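What follows is a short report on a single structure.
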Amino acid sequence: MGKQFRVGLTFNLKHASGTEEDAEFDTPETVDAVRSAIEERWPCVPIEADERVAERLREERPDLVFNIAECAGGPGREGYVPSILEHLRIPYTGSDPTTLNVCLHKVRTKEILAYHRIPTPPWTVFDSPRIHELPFDFPAIVKPLHEGSSKGIRSEGLVRNERELAAQVERVVRECDQPALVEKFLSGREFTVALLGNGRELEVLPIVEILFGSLPQGVPPLYSYEAKWIWDTAEKPIEIFECPAKLDRKIRDRIEEMCRAASRILEVRDWCRIDVRLDEKGEPNLLELNPLPGILPKPEDNSCFPKAARAAGMSYSRMIHQVMDAALQRLGLRAPDFAAHHG
C-alpha cells in the first residue's frame with residue numbers, strides 16, 4: 001500500500017473568554033466540524049497556527065492543507081500560514097498570501113476595484129484623530145483599515161457630522177492601533193455573496209440579505225460588531241438574514257457579475273465571501289472581499305457562507321469537500337479516496 005494522502009487543517013482557536021481581539025478565530029465546534037468533514041475522505045492532521053506552526057508543518061508535511069488560519073497582529077496576518085506553505089511547497093486551499101493580504105487591507109482593495117471600474121463607496125483615510133474635510137457628504141461609516149469579522153465597527157461608527165467623525169476616528173485609531181477608513185455610507189439594502197470554485201466552474205451561491213429591521217429599535221442599519229457578536233447569538237438568534245435574498249433578476253445578475261469580476265481581478269481562489277450594498281439609486285457597490293470566510297457549523301450561528309451553501313442544497317461536509325475539490329482541481333492533484341487506504 002502506498003503512502004496515505006493526508007490533509008492538514010491549519011486554524012486559530014478562539015479563546016473561551018470570547019474577546020473582540022480573537023473574533024476572527026474559530027470555535028472548537030468549527031474546527032471539529034471541519035476536521036470531521038475532511039476525515040470522511042482522508043486522514044486529517046490538525047495544526048494550530050501558533051508560534052510552532054512552521055515547525056509542525058515541516059514535521060508533518062501533509063499532502064494538502066485546508067487553511068482557515070487568520071493569525072494575529074498586523075495587516076499581513078492572513079498571509080502568514082500560506083507564506084509558510086509556499087516556502088515548504090505544501091499545497092493548500094484558498095488564496096495566496098498576496099490576495100489574502102490585499103483583501104484584508106480595505107483601501108488597497110478599493111483602489112484596485114476603482115481602477116477596474118467596479119463601484120465601491122467613496123472613501124478617505126485618517127492616520128490620526130486630526131480630521132480633514134471629507135471628499136463626500138455625510139453620513140459616513142468609520143471602520144478600521146485592516147480588520148475582519150466587524151471588529152472595530154460600532155453602531156456609533158455611523159457618523160453624521162464632524163464632531164461625531166472626530167470622536168469615532170479617535171476611537172478606531174486608539175482602540176485598534178491602525179488608521180481609520182472613513183467611507184460614504186450607502187442607504188440601500190446590503191447583501192453578502194458566497195463564491196465557490198475557480199474559473200469557468202466558479203459558482204455563486206444563493207445571495208444572503210442582511211435584514212436591518214430585525215436589529216434592536218433605534219440602532220442604525222449597520223452590520224456592526226454588536227449586531228454580529230452581541231445581539232445575534234446562538235442562544236438567542238435574531239432573524240437578521242434572508243437567503244435566498246428577494247431580488248429581481250436584473251439586480252441579482254449585476255451583483256453576481258460584479259462579484260465574479262472582483263474575484264477574478266483580485267485572483268481569489270477556491271472560495272470567498274463578498275459584501276455588497278446598494279446606494280440611494282439602487283446601484284450595487286462592492287464593500288469588501290473575505291477570502292477566508294467564517295464557517296460556523298450550526299444553522300443558529302447565522303454564519304453566512306454555510307447559510308448560502310445550505311440554501312444551495314449542500315450539507316456542511318459537502319461544502320468543505322467542494323472547497324477541497326476546487327483546490328485539488330486547481331492544483332492538478334489527484335487524491336485517492338479514504339476507502340482506498342482503509343478498505
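All residue names refer to the C-alpha cells as shown: chains lettered A, B, ... in order, residues numbered from 1 in each chain, ligands numbered from 1 in order.
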
Task: Residues near region 260-274 of chain A, cut-off 6 Å, only C-alpha atoms, skip fewer than 4 positions along chain, as JSON, numbers by chain - done: {"A": [94, 95, 192, 193, 194, 195, 196, 197, 198, 288, 289, 290, 291, 293, 323, 326, 327]}

Could you please take those selected residues and save C-alpha atoms as an mmCIF file, in the first residue's frame?
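And here's again-v3.cif as it stands now:
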```
data_model
loop_
_atom_site.group_PDB
_atom_site.id
_atom_site.type_symbol
_atom_site.label_atom_id
_atom_site.label_comp_id
_atom_site.auth_asym_id
_atom_site.auth_seq_id
_atom_site.Cartn_x
_atom_site.Cartn_y
_atom_site.Cartn_z
ATOM 1 C CA GLY A 94 -7.723 29.158 -0.692
ATOM 2 C CA SER A 95 -5.979 32.261 -1.906
ATOM 3 C CA THR A 192 -23.262 39.062 1.214
ATOM 4 C CA VAL A 193 -22.344 36.763 -1.645
ATOM 5 C CA ALA A 194 -20.594 33.381 -1.288
ATOM 6 C CA LEU A 195 -18.454 32.140 -4.172
ATOM 7 C CA LEU A 196 -17.170 28.592 -4.557
ATOM 8 C CA GLY A 197 -14.774 27.232 -7.180
ATOM 9 C CA ASN A 198 -12.482 28.670 -9.833
ATOM 10 C CA GLU A 288 -15.035 44.239 0.670
ATOM 11 C CA LEU A 289 -13.909 40.690 -0.060
ATOM 12 C CA ASN A 290 -13.239 37.990 2.518
ATOM 13 C CA PRO A 291 -11.176 35.137 1.004
ATOM 14 C CA PRO A 293 -14.886 33.325 5.202
ATOM 15 C CA VAL A 323 -13.637 23.689 -1.343
ATOM 16 C CA ALA A 326 -11.797 23.082 -6.137
ATOM 17 C CA ALA A 327 -8.272 23.306 -4.721
#
```

Open item on the list: List as a ChimeraX atom specification the protein and nucleic acid residues near region 53-56 of chain A, meaning an atom at most 12 Å away when only C-alpha atoms are counted, but skip any in the same chain fewer than 2 places from it.
Closed with: /A:8-12,45-51,58-62,69,71,80-88,90

Would you write out those residues with N, CA and C atoms, as a PDB file, in the first residue's frame?
```pdb
ATOM      1  N   GLY A   8      -3.796  18.394   6.140  1.00  0.00           N
ATOM      2  CA  GLY A   8      -3.601  19.215   7.327  1.00  0.00           C
ATOM      3  C   GLY A   8      -4.731  20.218   7.468  1.00  0.00           C
ATOM      4  N   LEU A   9      -5.020  20.599   8.686  1.00  0.00           N
ATOM      5  CA  LEU A   9      -6.026  21.632   8.958  1.00  0.00           C
ATOM      6  C   LEU A   9      -5.364  22.700   9.812  1.00  0.00           C
ATOM      7  N   THR A  10      -5.100  23.858   9.236  1.00  0.00           N
ATOM      8  CA  THR A  10      -4.492  24.956   9.983  1.00  0.00           C
ATOM      9  C   THR A  10      -5.580  25.927  10.418  1.00  0.00           C
ATOM     10  N   PHE A  11      -5.512  26.346  11.691  1.00  0.00           N
ATOM     11  CA  PHE A  11      -6.576  27.145  12.290  1.00  0.00           C
ATOM     12  C   PHE A  11      -6.017  27.937  13.460  1.00  0.00           C
ATOM     13  N   ASN A  12      -6.790  28.910  13.921  1.00  0.00           N
ATOM     14  CA  ASN A  12      -6.549  29.603  15.187  1.00  0.00           C
ATOM     15  C   ASN A  12      -7.774  29.424  16.056  1.00  0.00           C
ATOM     16  N   VAL A  45      -4.794  16.056   9.874  1.00  0.00           N
ATOM     17  CA  VAL A  45      -3.790  16.434  10.860  1.00  0.00           C
ATOM     18  C   VAL A  45      -4.071  17.869  11.303  1.00  0.00           C
ATOM     19  N   PRO A  46      -4.712  18.090  12.457  1.00  0.00           N
ATOM     20  CA  PRO A  46      -4.968  19.459  12.924  1.00  0.00           C
ATOM     21  C   PRO A  46      -3.664  20.131  13.380  1.00  0.00           C
ATOM     22  N   ILE A  47      -3.443  21.360  12.930  1.00  0.00           N
ATOM     23  CA  ILE A  47      -2.237  22.106  13.290  1.00  0.00           C
ATOM     24  C   ILE A  47      -2.654  23.532  13.644  1.00  0.00           C
ATOM     25  N   GLU A  48      -2.571  23.887  14.923  1.00  0.00           N
ATOM     26  CA  GLU A  48      -2.927  25.240  15.323  1.00  0.00           C
ATOM     27  C   GLU A  48      -1.846  26.212  14.857  1.00  0.00           C
ATOM     28  N   ALA A  49      -2.277  27.362  14.359  1.00  0.00           N
ATOM     29  CA  ALA A  49      -1.350  28.357  13.802  1.00  0.00           C
ATOM     30  C   ALA A  49      -0.784  29.235  14.913  1.00  0.00           C
ATOM     31  N   ASP A  50      -0.013  28.603  15.797  1.00  0.00           N
ATOM     32  CA  ASP A  50       0.635  29.327  16.875  1.00  0.00           C
ATOM     33  C   ASP A  50       2.108  29.516  16.529  1.00  0.00           C
ATOM     34  N   GLU A  51       2.953  29.755  17.531  1.00  0.00           N
ATOM     35  CA  GLU A  51       4.361  30.027  17.258  1.00  0.00           C
ATOM     36  C   GLU A  51       5.107  28.797  16.720  1.00  0.00           C
ATOM     37  N   ARG A  58       6.455  21.533   8.882  1.00  0.00           N
ATOM     38  CA  ARG A  58       7.675  20.908   8.360  1.00  0.00           C
ATOM     39  C   ARG A  58       7.764  19.448   8.805  1.00  0.00           C
ATOM     40  N   GLU A  59       7.360  19.166  10.033  1.00  0.00           N
ATOM     41  CA  GLU A  59       7.397  17.799  10.547  1.00  0.00           C
ATOM     42  C   GLU A  59       6.347  16.907   9.885  1.00  0.00           C
ATOM     43  N   GLU A  60       5.125  17.417   9.772  1.00  0.00           N
ATOM     44  CA  GLU A  60       4.008  16.603   9.295  1.00  0.00           C
ATOM     45  C   GLU A  60       3.974  16.484   7.772  1.00  0.00           C
ATOM     46  N   ARG A  61       4.304  17.556   7.090  1.00  0.00           N
ATOM     47  CA  ARG A  61       4.274  17.620   5.633  1.00  0.00           C
ATOM     48  C   ARG A  61       3.028  16.938   5.046  1.00  0.00           C
ATOM     49  N   PRO A  62       1.833  17.459   5.355  1.00  0.00           N
ATOM     50  CA  PRO A  62       0.618  16.891   4.761  1.00  0.00           C
ATOM     51  C   PRO A  62       0.617  17.095   3.248  1.00  0.00           C
ATOM     52  N   ALA A  69      -6.690  29.531   8.944  1.00  0.00           N
ATOM     53  CA  ALA A  69      -5.953  30.291   9.963  1.00  0.00           C
ATOM     54  C   ALA A  69      -5.969  31.782   9.650  1.00  0.00           C
ATOM     55  N   CYS A  71      -4.569  34.057  12.085  1.00  0.00           N
ATOM     56  CA  CYS A  71      -3.385  34.544  12.794  1.00  0.00           C
ATOM     57  C   CYS A  71      -3.658  35.907  13.442  1.00  0.00           C
ATOM     58  N   TYR A  80       0.155  34.783   6.579  1.00  0.00           N
ATOM     59  CA  TYR A  80       1.282  34.180   7.295  1.00  0.00           C
ATOM     60  C   TYR A  80       1.399  32.684   7.033  1.00  0.00           C
ATOM     61  N   VAL A  81       0.332  31.932   7.293  1.00  0.00           N
ATOM     62  CA  VAL A  81       0.379  30.485   7.096  1.00  0.00           C
ATOM     63  C   VAL A  81       0.571  30.132   5.617  1.00  0.00           C
ATOM     64  N   PRO A  82      -0.175  30.743   4.675  1.00  0.00           N
ATOM     65  CA  PRO A  82       0.101  30.436   3.267  1.00  0.00           C
ATOM     66  C   PRO A  82       1.538  30.751   2.838  1.00  0.00           C
ATOM     67  N   SER A  83       2.157  31.777   3.427  1.00  0.00           N
ATOM     68  CA  SER A  83       3.559  32.065   3.094  1.00  0.00           C
ATOM     69  C   SER A  83       4.466  30.914   3.535  1.00  0.00           C
ATOM     70  N   ILE A  84       4.211  30.372   4.714  1.00  0.00           N
ATOM     71  CA  ILE A  84       4.984  29.215   5.185  1.00  0.00           C
ATOM     72  C   ILE A  84       4.764  28.023   4.254  1.00  0.00           C
ATOM     73  N   LEU A  85       3.512  27.809   3.873  1.00  0.00           N
ATOM     74  CA  LEU A  85       3.193  26.689   2.992  1.00  0.00           C
ATOM     75  C   LEU A  85       3.860  26.849   1.629  1.00  0.00           C
ATOM     76  N   GLU A  86       3.881  28.077   1.116  1.00  0.00           N
ATOM     77  CA  GLU A  86       4.589  28.329  -0.145  1.00  0.00           C
ATOM     78  C   GLU A  86       6.064  27.982   0.004  1.00  0.00           C
ATOM     79  N   HIS A  87       6.673  28.416   1.107  1.00  0.00           N
ATOM     80  CA  HIS A  87       8.089  28.155   1.345  1.00  0.00           C
ATOM     81  C   HIS A  87       8.374  26.654   1.429  1.00  0.00           C
ATOM     82  N   LEU A  88       7.458  25.920   2.082  1.00  0.00           N
ATOM     83  CA  LEU A  88       7.632  24.476   2.242  1.00  0.00           C
ATOM     84  C   LEU A  88       7.125  23.692   1.039  1.00  0.00           C
ATOM     85  N   ILE A  90       4.055  23.093   0.157  1.00  0.00           N
ATOM     86  CA  ILE A  90       2.921  22.259   0.529  1.00  0.00           C
ATOM     87  C   ILE A  90       1.665  22.901  -0.059  1.00  0.00           C
TER      88      ILE A  90
END
```

Run DSSP on the backbone and give me the residues of region 135-201 of chain A it puts in alpha helix (DSSP H), as a PDB file with C-alpha atoms, in the first residue's frame.
```
ATOM      1  CA  GLU A 162     -17.623  66.480  12.043  1.00  0.00           C
ATOM      2  CA  ARG A 163     -17.930  66.137  15.819  1.00  0.00           C
ATOM      3  CA  GLU A 164     -19.099  62.523  15.574  1.00  0.00           C
ATOM      4  CA  LEU A 165     -16.495  61.856  12.895  1.00  0.00           C
ATOM      5  CA  ALA A 166     -13.642  63.117  15.075  1.00  0.00           C
ATOM      6  CA  ALA A 167     -14.803  61.014  18.028  1.00  0.00           C
ATOM      7  CA  GLN A 168     -15.048  57.804  16.027  1.00  0.00           C
ATOM      8  CA  VAL A 169     -11.751  58.321  14.203  1.00  0.00           C
ATOM      9  CA  GLU A 170     -10.079  58.858  17.583  1.00  0.00           C
ATOM     10  CA  ARG A 171     -11.702  55.663  18.919  1.00  0.00           C
ATOM     11  CA  VAL A 172     -10.612  53.484  15.995  1.00  0.00           C
ATOM     12  CA  VAL A 173      -7.035  54.826  15.948  1.00  0.00           C
ATOM     13  CA  ARG A 174      -6.739  54.363  19.720  1.00  0.00           C
ATOM     14  CA  GLU A 175      -8.523  51.025  20.181  1.00  0.00           C
ATOM     15  CA  CYS A 176      -7.382  49.297  17.000  1.00  0.00           C
TER      16      CYS A 176
END
```

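The nearest approach to Ile118 (chain A) among the residues A:Pro284, A:Pro43, A:Pro221, A:Pro306, with only C-alpha atoms taken into account, belongs to A:Pro284.
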
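In this comparison, which uses only C-alpha atoms, the residue of A:Ala308, A:Ala180, A:Leu57, A:Ile255 approaching Val208 (chain A) most closely is A:Ala308.
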
Open item on the list: If we count only C-alpha atoms and set the cut-off at 10 Å, which residues sit around Asp137 (chain A), ignoring sequence neighbours fewer than 4 positions away in its own chain? Please answer as number ranges by chain.
Closed with: A: 122, 133, 160-161, 184-185

Save the residues we just selected, C-alpha atoms, as a PDB file, in the first residue's frame?
```
ATOM      1  CA  PRO A 122     -16.044  56.875  -1.895  1.00  0.00           C
ATOM      2  CA  GLU A 133     -12.583  67.626   5.215  1.00  0.00           C
ATOM      3  CA  ARG A 160     -23.451  62.480  10.550  1.00  0.00           C
ATOM      4  CA  ASN A 161     -21.237  65.471  11.368  1.00  0.00           C
ATOM      5  CA  LYS A 184     -19.526  57.185   2.431  1.00  0.00           C
ATOM      6  CA  PHE A 185     -22.493  55.415   3.978  1.00  0.00           C
TER       7      PHE A 185
END
```

Open item on the list: Neighbouring residues of Val107 (chain A) were defined as those with any atom within 9 Å, considering only C-alpha atoms; residues of the same chain fewer than 6 positions away were excluded. Please report them as a list of chain:residue names.
Closed with: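 Once the nearby chain positions are removed, what remains is A:Trp123, A:Thr124, A:Val125, A:Leu145, A:His146, A:Leu181.
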
Please save N, CA and C atoms of the selected residues as an mmCIF file, in the first residue's frame.
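What follows is the written file result_2.cif:
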```
data_model
loop_
_atom_site.group_PDB
_atom_site.id
_atom_site.type_symbol
_atom_site.label_atom_id
_atom_site.label_comp_id
_atom_site.auth_asym_id
_atom_site.auth_seq_id
_atom_site.Cartn_x
_atom_site.Cartn_y
_atom_site.Cartn_z
ATOM 1 N N TRP A 123 -14.164 57.064 -0.345
ATOM 2 C CA TRP A 123 -13.508 56.861 0.945
ATOM 3 C C TRP A 123 -12.371 57.846 1.148
ATOM 4 N N THR A 124 -11.925 57.907 2.383
ATOM 5 C CA THR A 124 -10.690 58.586 2.743
ATOM 6 C C THR A 124 -10.137 57.887 3.973
ATOM 7 N N VAL A 125 -8.879 58.202 4.320
ATOM 8 C CA VAL A 125 -8.210 57.544 5.441
ATOM 9 C C VAL A 125 -7.661 58.591 6.389
ATOM 10 N N LEU A 145 -8.846 50.048 9.233
ATOM 11 C CA LEU A 145 -8.335 49.875 7.880
ATOM 12 C C LEU A 145 -8.147 48.409 7.510
ATOM 13 N N HIS A 146 -7.692 47.600 8.452
ATOM 14 C CA HIS A 146 -7.423 46.198 8.110
ATOM 15 C C HIS A 146 -7.867 45.257 9.227
ATOM 16 N N LEU A 181 -10.490 53.963 8.262
ATOM 17 C CA LEU A 181 -11.092 54.129 6.948
ATOM 18 C C LEU A 181 -12.457 54.783 7.141
#
```

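Running DSSP on the backbone and keeping only strand (DSSP E), the residues of region 140-220 of chain A that qualify are Ala140, Ile141, Val142, Lys143, Pro144, Leu158, Val159, Ala180, Leu181, Val182, Glu183, Lys184, Glu190, Phe191, Thr192, Val193, Ala194, Leu195, Leu196, Glu203, Val204, Val208, Glu209 and Ile210 of chain A.
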
TODO: May I ask for the distance between CA of Glu24 (chain A) and CA of Pro220 (chain A), given in Å to one decimal place?
DONE: 23.3 Å

- [ ] Please identify all polymer residues within 9 Å of Lys110 (chain A), counting only C-alpha atoms, omitting same-chain residues fewer than 2 positions from it, and present them as a list in words.
- [x] Cys103, His105, Lys106, Val107, Arg108, Ile112, Leu113, Ala114, Tyr115, Ile118, Pro119, Thr120, Pro121, Pro122, Trp123, Leu286, Leu287 and Glu288 of chain A

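Closest approach to Lys281 (chain A) from the set A:Thr30, A:Thr93, A:Ser36, A:Ser187 is made by A:Ser187, with distances taken over only C-alpha atoms.
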
Open item on the list: Could you check the closest approach to Tyr316 (chain A) for each of A:Ile207, A:Leu13, A:Val142, A:Leu296 and tell me which residue wins, using only C-alpha atoms?
Closed with: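 Between A:Ile207, A:Leu13, A:Val142, A:Leu296, the residue approaching Tyr316 (chain A) most closely is A:Leu296.
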
Open item on the list: Could you list, as a ChimeraX atom specification, every residue within 8 Å of Gly157 (chain A), counting only C-alpha atoms and ignoring same-chain residues fewer than 2 positions away?
Closed with: /A:141-143,153-155,159,168
